[in-house]
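Novice: Structure: start24.cif, mmCIF, C-alpha atoms and all ligand atoms.
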data_my_file
#
loop_
_atom_site.group_PDB
_atom_site.id
_atom_site.type_symbol
_atom_site.label_atom_id
_atom_site.label_comp_id
_atom_site.auth_asym_id
_atom_site.auth_seq_id
_atom_site.Cartn_x
_atom_site.Cartn_y
_atom_site.Cartn_z
ATOM 1 C CA MET A 1301 -35.016 39.941 12.801
ATOM 2 C CA PHE A 1302 -35.081 41.802 16.138
ATOM 3 C CA TYR A 1303 -34.099 45.205 17.494
ATOM 4 C CA TYR A 1304 -30.442 45.382 18.473
ATOM 5 C CA TYR A 1305 -28.151 48.225 19.465
ATOM 6 C CA GLY A 1306 -25.679 48.824 16.607
ATOM 7 C CA ARG A 1307 -27.576 46.722 14.105
ATOM 8 C CA LYS A 1308 -26.991 47.382 10.423
ATOM 9 C CA LYS A 1309 -30.631 47.237 9.306
ATOM 10 C CA GLN A 1310 -30.877 50.818 8.006
ATOM 11 C CA ILE A 1311 -27.566 50.756 6.147
ATOM 12 C CA ALA A 1312 -27.357 47.122 4.993
ATOM 13 C CA LYS A 1313 -28.052 48.257 1.411
ATOM 14 C CA HIS A 1314 -24.808 50.264 1.330
ATOM 15 C CA TYR A 1315 -22.545 47.218 1.739
ATOM 16 C CA PRO A 1316 -21.399 45.061 -1.200
ATOM 17 C CA SER A 1317 -23.714 42.162 -2.059
ATOM 18 C CA PRO A 1318 -22.265 38.752 -1.219
ATOM 19 C CA ASN A 1319 -20.161 37.047 -3.906
ATOM 20 C CA TYR A 1320 -19.962 33.741 -2.046
ATOM 21 C CA GLU A 1321 -22.583 31.102 -1.334
ATOM 22 C CA CYS A 1322 -21.741 31.261 2.374
ATOM 23 C CA ILE A 1323 -22.052 34.414 4.526
ATOM 24 C CA ILE A 1324 -20.291 34.410 7.895
ATOM 25 C CA GLU A 1325 -21.047 37.027 10.560
ATOM 26 C CA PRO A 1326 -18.471 36.433 13.329
ATOM 27 C CA PHE A 1327 -20.008 39.229 15.483
ATOM 28 C CA ALA A 1328 -23.625 38.311 14.892
ATOM 29 C CA GLY A 1329 -25.824 40.565 17.038
ATOM 30 C CA SER A 1330 -29.109 40.598 15.106
ATOM 31 C CA ALA A 1331 -27.283 39.798 11.825
ATOM 32 C CA ALA A 1332 -28.952 42.493 9.729
ATOM 33 C CA TYR A 1333 -26.612 42.028 6.731
ATOM 34 C CA SER A 1334 -27.404 38.310 6.406
ATOM 35 C CA PHE A 1335 -31.114 39.060 6.734
ATOM 36 C CA PHE A 1336 -31.123 41.885 4.181
ATOM 37 C CA SER A 1337 -32.715 41.523 0.742
ATOM 38 C CA ASP A 1338 -31.994 38.031 -0.668
ATOM 39 C CA ASN A 1339 -28.830 37.498 1.387
ATOM 40 C CA TRP A 1340 -30.729 35.226 3.796
ATOM 41 C CA ARG A 1341 -31.082 32.608 1.033
ATOM 42 C CA ASN A 1342 -27.339 31.898 1.242
ATOM 43 C CA GLN A 1343 -25.769 29.528 3.719
ATOM 44 C CA VAL A 1344 -25.427 31.725 6.818
ATOM 45 C CA ILE A 1345 -23.135 31.040 9.771
ATOM 46 C CA LEU A 1346 -23.377 33.308 12.828
ATOM 47 C CA ILE A 1347 -20.906 33.487 15.703
ATOM 48 C CA GLU A 1348 -21.851 35.381 18.846
ATOM 49 C CA LYS A 1349 -19.979 35.474 22.140
ATOM 50 C CA ASP A 1350 -22.832 36.693 24.340
ATOM 51 C CA PRO A 1351 -24.729 33.527 25.360
ATOM 52 C CA LYS A 1352 -27.929 35.528 25.870
ATOM 53 C CA VAL A 1353 -27.831 36.799 22.280
ATOM 54 C CA ALA A 1354 -26.763 33.408 20.891
ATOM 55 C CA SER A 1355 -29.656 31.733 22.709
ATOM 56 C CA ILE A 1356 -32.151 34.019 20.940
ATOM 57 C CA TRP A 1357 -30.789 32.709 17.639
ATOM 58 C CA GLU A 1358 -30.809 29.098 18.912
ATOM 59 C CA TRP A 1359 -34.445 29.502 19.851
ATOM 60 C CA LEU A 1360 -35.418 31.156 16.555
ATOM 61 C CA ILE A 1361 -33.575 28.569 14.429
ATOM 62 C CA ASN A 1362 -34.394 25.390 16.336
ATOM 63 C CA GLU A 1363 -37.576 25.887 18.342
ATOM 64 C CA ALA A 1364 -39.662 28.895 17.375
ATOM 65 C CA THR A 1365 -42.764 28.605 15.233
ATOM 66 C CA GLU A 1366 -44.842 31.446 13.825
ATOM 67 C CA GLN A 1367 -47.567 30.619 16.347
ATOM 68 C CA LYS A 1368 -45.165 30.517 19.312
ATOM 69 C CA ILE A 1369 -43.926 33.992 18.395
ATOM 70 C CA LYS A 1370 -47.440 35.355 17.950
ATOM 71 C CA ASN A 1371 -48.339 33.917 21.375
ATOM 72 C CA LEU A 1372 -45.575 35.874 23.120
ATOM 73 C CA PRO A 1373 -47.297 38.513 25.273
ATOM 74 C CA ASP A 1374 -47.359 42.156 24.225
ATOM 75 C CA LEU A 1375 -45.742 44.612 26.624
ATOM 76 C CA LYS A 1376 -47.609 47.300 28.518
ATOM 77 C CA VAL A 1377 -46.006 50.652 29.242
ATOM 78 C CA GLY A 1378 -45.002 50.849 32.919
ATOM 79 C CA GLU A 1379 -44.758 47.107 33.592
ATOM 80 C CA LYS A 1380 -41.403 45.497 34.396
ATOM 81 C CA SER A 1381 -39.616 42.772 32.444
ATOM 82 C CA SER A 1382 -36.481 40.733 33.122
ATOM 83 C CA GLU A 1383 -36.546 39.005 29.716
ATOM 84 C CA PHE A 1384 -33.347 39.735 27.812
ATOM 85 C CA LEU A 1385 -35.227 39.642 24.494
ATOM 86 C CA HIS A 1386 -37.451 42.449 25.805
ATOM 87 C CA ILE A 1387 -34.605 44.428 27.376
ATOM 88 C CA ILE A 1388 -32.627 44.738 24.125
ATOM 89 C CA HIS A 1389 -35.642 46.461 22.559
ATOM 90 C CA ALA A 1390 -35.152 49.460 24.850
ATOM 91 C CA ALA A 1391 -33.125 51.260 22.121
ATOM 92 C CA THR A 1392 -30.227 52.202 24.374
ATOM 93 C CA LYS A 1393 -26.677 50.937 24.545
ATOM 94 C CA MET A 1394 -27.062 50.678 28.322
ATOM 95 C CA ALA A 1395 -29.758 48.000 27.917
ATOM 96 C CA PHE A 1396 -27.140 45.264 28.161
ATOM 97 C CA LYS A 1397 -26.382 46.274 31.752
ATOM 98 C CA TYR A 1398 -29.992 45.994 32.960
ATOM 99 C CA LYS A 1399 -31.361 42.874 34.652
ATOM 100 C CA THR A 1400 -34.885 44.305 34.816
ATOM 101 C CA ILE A 1401 -36.414 47.131 32.828
ATOM 102 C CA THR A 1402 -39.559 49.253 33.044
ATOM 103 C CA VAL A 1403 -41.344 49.175 29.716
ATOM 104 C CA THR A 1404 -41.289 52.545 27.937
ATOM 105 C CA PRO A 1405 -43.488 53.477 24.944
ATOM 106 C CA VAL A 1406 -40.424 53.019 22.685
ATOM 107 C CA LEU A 1407 -39.711 49.542 24.042
ATOM 108 C CA ALA A 1408 -43.362 48.452 23.750
ATOM 109 C CA ARG A 1409 -43.496 49.675 20.140
ATOM 110 C CA ASN A 1410 -40.136 48.100 19.173
ATOM 111 C CA TRP A 1411 -41.249 44.787 20.687
ATOM 112 C CA GLU A 1412 -44.539 44.876 18.791
ATOM 113 C CA ILE A 1413 -42.659 45.469 15.513
ATOM 114 C CA SER A 1414 -40.080 42.738 16.230
ATOM 115 C CA LYS A 1415 -42.753 40.198 17.073
ATOM 116 C CA ARG A 1416 -44.379 40.806 13.716
ATOM 117 C CA VAL A 1417 -41.066 40.749 11.820
ATOM 118 C CA MET A 1418 -39.904 37.545 13.555
ATOM 119 C CA ALA A 1419 -43.215 35.742 12.928
ATOM 120 C CA GLU A 1420 -43.449 36.810 9.278
ATOM 121 C CA ASN A 1421 -39.819 36.018 8.429
ATOM 122 C CA LEU A 1422 -39.036 33.005 10.575
ATOM 123 C CA GLN A 1423 -38.799 30.606 7.627
ATOM 124 C CA LYS A 1424 -35.971 32.685 6.120
ATOM 125 C CA ILE A 1425 -33.559 31.818 8.924
ATOM 126 C CA LYS A 1426 -34.390 28.155 9.632
ATOM 127 C CA HIS A 1427 -31.370 26.943 7.598
ATOM 128 C CA TRP A 1428 -28.942 29.293 9.402
ATOM 129 C CA GLN A 1429 -26.359 28.115 11.910
ATOM 130 C CA ILE A 1430 -25.382 29.775 15.186
ATOM 131 C CA ILE A 1431 -22.161 29.148 17.093
ATOM 132 C CA CYS A 1432 -21.946 30.585 20.607
ATOM 133 C CA GLY A 1433 -18.357 31.626 21.200
ATOM 134 C CA ASP A 1434 -15.484 33.866 20.207
ATOM 135 C CA TYR A 1435 -15.223 35.155 16.625
ATOM 136 C CA THR A 1436 -12.094 33.039 16.141
ATOM 137 C CA MET A 1437 -14.318 29.918 16.311
ATOM 138 C CA ALA A 1438 -15.651 30.636 12.817
ATOM 139 C CA PRO A 1439 -14.886 27.903 10.269
ATOM 140 C CA ASP A 1440 -11.953 28.664 7.981
ATOM 141 C CA ILE A 1441 -13.828 28.489 4.679
ATOM 142 C CA ASP A 1442 -14.313 30.604 1.550
ATOM 143 C CA ALA A 1443 -17.112 33.016 2.371
ATOM 144 C CA THR A 1444 -18.390 36.563 2.382
ATOM 145 C CA TRP A 1445 -17.196 37.681 5.812
ATOM 146 C CA PHE A 1446 -19.287 40.463 7.349
ATOM 147 C CA ILE A 1447 -17.187 41.553 10.316
ATOM 148 C CA ASP A 1448 -19.020 44.027 12.548
ATOM 149 C CA PRO A 1449 -17.399 44.076 16.008
ATOM 150 C CA PRO A 1450 -18.168 46.523 18.825
ATOM 151 C CA TYR A 1451 -16.558 49.740 17.575
ATOM 152 C CA MET A 1452 -13.150 50.728 18.846
ATOM 153 C CA SER A 1453 -14.254 54.019 20.446
ATOM 154 C CA GLU A 1454 -16.103 54.132 23.764
ATOM 155 C CA PRO A 1455 -14.420 51.089 25.345
ATOM 156 C CA GLY A 1456 -16.756 49.288 27.714
ATOM 157 C CA MET A 1457 -19.908 50.984 26.415
ATOM 158 C CA GLY A 1458 -22.746 48.815 25.199
ATOM 159 C CA TYR A 1459 -22.894 45.023 24.793
ATOM 160 C CA GLY A 1460 -22.235 42.358 27.397
ATOM 161 C CA PHE A 1461 -18.964 41.660 25.511
ATOM 162 C CA SER A 1462 -17.732 45.122 24.685
ATOM 163 C CA SER A 1463 -14.850 46.712 22.765
ATOM 164 C CA ALA A 1464 -12.768 46.804 25.973
ATOM 165 C CA LEU A 1465 -12.342 43.019 25.596
ATOM 166 C CA ILE A 1466 -11.184 43.073 21.959
ATOM 167 C CA ASN A 1467 -7.570 43.182 20.765
ATOM 168 C CA TYR A 1468 -8.034 45.106 17.512
ATOM 169 C CA GLU A 1469 -4.562 44.360 16.197
ATOM 170 C CA GLU A 1470 -5.335 40.637 16.459
ATOM 171 C CA LEU A 1471 -8.745 41.231 14.894
ATOM 172 C CA ALA A 1472 -7.125 43.051 11.942
ATOM 173 C CA LYS A 1473 -4.705 40.150 11.319
ATOM 174 C CA TRP A 1474 -7.487 37.616 11.624
ATOM 175 C CA SER A 1475 -9.747 39.586 9.263
ATOM 176 C CA LEU A 1476 -7.023 39.818 6.610
ATOM 177 C CA SER A 1477 -6.420 36.085 6.835
ATOM 178 C CA ARG A 1478 -10.046 35.172 6.000
ATOM 179 C CA PRO A 1479 -10.448 33.216 2.764
ATOM 180 C CA GLY A 1480 -12.926 34.838 0.358
ATOM 181 C CA GLU A 1481 -14.158 38.439 0.539
ATOM 182 C CA VAL A 1482 -14.071 40.585 3.638
ATOM 183 C CA ILE A 1483 -16.351 43.448 4.698
ATOM 184 C CA CYS A 1484 -15.249 45.114 7.957
ATOM 185 C CA CYS A 1485 -17.354 47.767 9.707
ATOM 186 C CA GLU A 1486 -16.115 50.540 11.976
ATOM 187 C CA GLY A 1487 -17.040 53.958 13.269
ATOM 188 C CA GLU A 1488 -15.162 57.196 12.893
ATOM 189 C CA TYR A 1489 -12.226 56.257 15.132
ATOM 190 C CA GLY A 1490 -11.368 52.693 14.122
ATOM 191 C CA ASP A 1491 -7.853 52.699 12.660
ATOM 192 C CA TYR A 1492 -6.680 49.076 12.706
ATOM 193 C CA LEU A 1493 -7.450 48.568 9.005
ATOM 194 C CA PRO A 1494 -7.464 51.068 6.084
ATOM 195 C CA PHE A 1495 -11.119 51.985 6.589
ATOM 196 C CA GLU A 1496 -12.871 54.363 4.214
ATOM 197 C CA THR A 1497 -15.977 56.429 4.831
ATOM 198 C CA LEU A 1498 -19.136 54.577 3.820
ATOM 199 C CA LEU A 1499 -21.665 57.241 4.834
ATOM 200 C CA ASP A 1500 -22.597 59.824 7.447
ATOM 201 C CA LEU A 1501 -25.680 58.986 9.445
ATOM 202 C CA LYS A 1502 -27.950 61.699 10.768
ATOM 203 C CA GLY A 1503 -28.977 61.011 14.330
ATOM 204 C CA VAL A 1504 -31.256 62.705 16.829
ATOM 205 C CA ALA A 1505 -30.762 66.359 17.872
ATOM 206 C CA GLY A 1506 -28.572 67.169 14.869
ATOM 207 C CA LYS A 1507 -25.883 64.660 15.887
ATOM 208 C CA SER A 1508 -24.321 62.647 13.119
ATOM 209 C CA SER A 1509 -22.085 59.616 13.092
ATOM 210 C CA ARG A 1510 -19.714 58.295 10.473
ATOM 211 C CA GLU A 1511 -19.801 54.695 9.288
ATOM 212 C CA LYS A 1512 -16.601 53.334 7.811
ATOM 213 C CA MET A 1513 -15.859 50.180 5.877
ATOM 214 C CA PHE A 1514 -12.861 48.164 4.796
ATOM 215 C CA TYR A 1515 -13.632 45.965 1.816
ATOM 216 C CA ARG A 1516 -11.389 43.331 0.327
ATOM 217 C CA SER A 1517 -13.011 41.925 -2.781
ATOM 218 C CA PRO A 1518 -12.253 38.456 -4.196
ATOM 219 C CA HIS A 1519 -10.001 40.243 -6.735
ATOM 220 C CA SER A 1520 -8.008 42.459 -4.344
ATOM 221 C CA PRO A 1521 -4.204 42.437 -4.512
ATOM 222 C CA ALA A 1522 -2.171 39.938 -2.493
ATOM 223 C CA GLN A 1523 -0.912 42.540 0.026
ATOM 224 C CA LEU A 1524 -4.429 42.708 1.467
ATOM 225 C CA ARG A 1525 -4.216 39.039 2.345
ATOM 226 C CA LEU A 1526 -2.413 37.392 5.231
ATOM 227 C CA VAL A 1527 -1.862 33.681 5.419
ATOM 228 C CA ALA A 1528 -2.811 32.596 8.947
HETATM 229 C C1 LIG A 1601 -21.896 45.722 16.486
HETATM 230 S S1 LIG A 1601 -22.679 44.299 17.152
HETATM 231 C C2 LIG A 1601 -23.135 43.438 15.689
HETATM 232 C C3 LIG A 1601 -24.377 44.042 15.099
HETATM 233 C C4 LIG A 1601 -24.898 43.232 13.918
HETATM 234 N N1 LIG A 1601 -24.086 43.436 12.733
HETATM 235 C C5 LIG A 1601 -26.342 43.574 13.629
HETATM 236 O O1 LIG A 1601 -26.669 43.935 12.483
HETATM 237 O O2 LIG A 1601 -27.169 43.484 14.552
HETATM 238 C C6 LIG A 1601 -21.319 43.370 17.760
HETATM 239 C C7 LIG A 1601 -21.670 42.011 18.373
HETATM 240 O O3 LIG A 1601 -20.452 41.299 18.632
HETATM 241 C C8 LIG A 1601 -20.606 40.530 19.820
HETATM 242 N N2 LIG A 1601 -19.244 40.235 20.308
HETATM 243 C C9 LIG A 1601 -18.428 40.985 21.093
HETATM 244 N N3 LIG A 1601 -17.224 40.395 21.254
HETATM 245 C C10 LIG A 1601 -17.268 39.245 20.537
HETATM 246 C C11 LIG A 1601 -16.311 38.215 20.268
HETATM 247 N N4 LIG A 1601 -15.077 38.252 20.789
HETATM 248 N N5 LIG A 1601 -16.654 37.191 19.466
HETATM 249 C C12 LIG A 1601 -17.924 37.129 18.928
HETATM 250 N N6 LIG A 1601 -18.881 38.072 19.153
HETATM 251 C C13 LIG A 1601 -18.564 39.114 19.934
HETATM 252 C C14 LIG A 1601 -21.433 41.442 20.727
HETATM 253 O O4 LIG A 1601 -22.075 40.693 21.740
HETATM 254 C C15 LIG A 1601 -22.408 42.056 19.713
HETATM 255 O O5 LIG A 1601 -23.571 41.261 19.618
#
Could the structure of this file be written out as structure tokens, please?
Ligand SMILES: C[S@@+](CC[C@H](N)C(=O)[O-])C[C@H]1O[C@@H](n2cnc3c(N)ncnc32)[C@H](O)[C@@H]1O
Specialist:
Amino acid sequence: MFYYYGRKKQIAKHYPSPNYECIIEPFAGSAAYSFFSDNWRNQVILIEKDPKVASIWEWLINEATEQKIKNLPDLKVGEKSSEFLHIIHAATKMAFKYKTITVTPVLARNWEISKRVMAENLQKIKHWQIICGDYTMAPDIDATWFIDPPYMSEPGMGYGFSSALINYEELAKWSLSRPGEVICCEGEYGDYLPFETLLDLKGVAGKSSREKMFYRSPHSPAQLRLVA
């Protein structure tokens, strides 16, 4: 729905389609997996620890109308903004540290695109639910769990609530104890679950990054399940 550092918009099609009526994203961000294709039609429950991110979802779900979104001002290159919803469109992992930002051409363009996407697709997310809090607050129900935490490498980089604050051993146990099917995302260096390479992403200036996934299907053997 909106630009977000680390969002899964471009690669959402590579993950398994949901086999359960309910999708839970315990590290919501902009929830690109739930929004992708027809996934949004399911019951969707988002959990997000950063109150600023959660409040974007609260506003979109409970208050926003197409007209209210269209009425939000466009941004002009060179002006300053202290709006968190603008700041996250700056396309940098450092955006979360800024209180005020000077609008760049990239930010202005990303904001213009997001405004259009949010207005055109608002009705898709009106039945979704957002919980502001820790991932462990997710309801313990059968679901397709799309677990996309801040990646293990680069502790402290990006996000208001970064990887430095996550105990990955606890996260692994919790993920394996989820009822239903489990999709876990990681980068090249995450090693707390038996991740496998999903794809290599080409970035700018010839840099590439590896996306990994751990998938436990509804039919996986019992050793991939933990009883909490
Ligand atoms: C990699 S991003 C998720 C990106 C998302 N899949 C998307 O498509 O936009 C990780 C998110 O987890 C949130 N987060 C960090 N620690 C958390 C925690 N303990 N519980 C819930 N959310 C947390 C961060 O604020 C961030 O929004």
Novice: Within 6 Å of ligand LIG 1601 (chain A), counting only C-alpha atoms and all ligand atoms, which protein or nucleic acid residues do you find, written as a VMD selection string?
Specialist: chain A and resid 1304 1306 to 1308 1326 to 1332 1347 to 1350 1433 to 1435 1448 to 1450 1459 to 1462
Novice: Apply the PyMOL selection byres (((chain A and resi 1441) around 8) and not hetatm) to the structure shown and report the selected residues as JSON, numbers by chain.
Specialist: {"A": [1439, 1440, 1442, 1443, 1478, 1479, 1480]}
Novice: Pull C-alpha atoms from the residues just selected and write them as a CSV table (one decimal), keeping the file's coordinate frame.
Specialist:
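Output (selection14.csv):
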chain,number,residue,atom,x,y,z
A,1439,PRO,CA,-14.9,27.9,10.3
A,1440,ASP,CA,-12.0,28.7,8.0
A,1442,ASP,CA,-14.3,30.6,1.6
A,1443,ALA,CA,-17.1,33.0,2.4
A,1478,ARG,CA,-10.0,35.2,6.0
A,1479,PRO,CA,-10.4,33.2,2.8
A,1480,GLY,CA,-12.9,34.8,0.4
Novice: For the PyMOL selection byres (((chain A and resi 1400) around 7) and not hetatm), applied here, can you spell out every residue it catches as a list in words?
Specialist: Lys1380, Ser1381, Ser1382, Tyr1398, Lys1399 and Ile1401 of chain A
Novice: From the options A:Pro1351, A:Gly1458, A:Pro1373, A:Pro1318, which residue's atoms come nearest to Ile1430 (chain A), counting only C-alpha atoms?
Specialist: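 Once distances to Ile1430 (chain A) are computed over only C-alpha atoms, the minimum belongs to A:Pro1351.
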Novice: One number please: CA of Cys1432 (chain A) to CA of Glu1325 (chain A), in Å, one decimal.
Specialist: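 Value for the CA of Cys1432 (chain A)-CA of Glu1325 (chain A) distance: 12.0 Å.
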Novice: Counting only C-alpha atoms, I want the residues whose atoms come within 9 Å of (-6.5, 40.7, 8.7) in the file frame, returned as a list in words.
Specialist: Glu1469, Glu1470, Leu1471, Ala1472, Lys1473, Trp1474, Ser1475, Leu1476, Ser1477, Arg1478, Leu1493, Leu1524, Arg1525, Leu1526 and Ala1528 of chain A
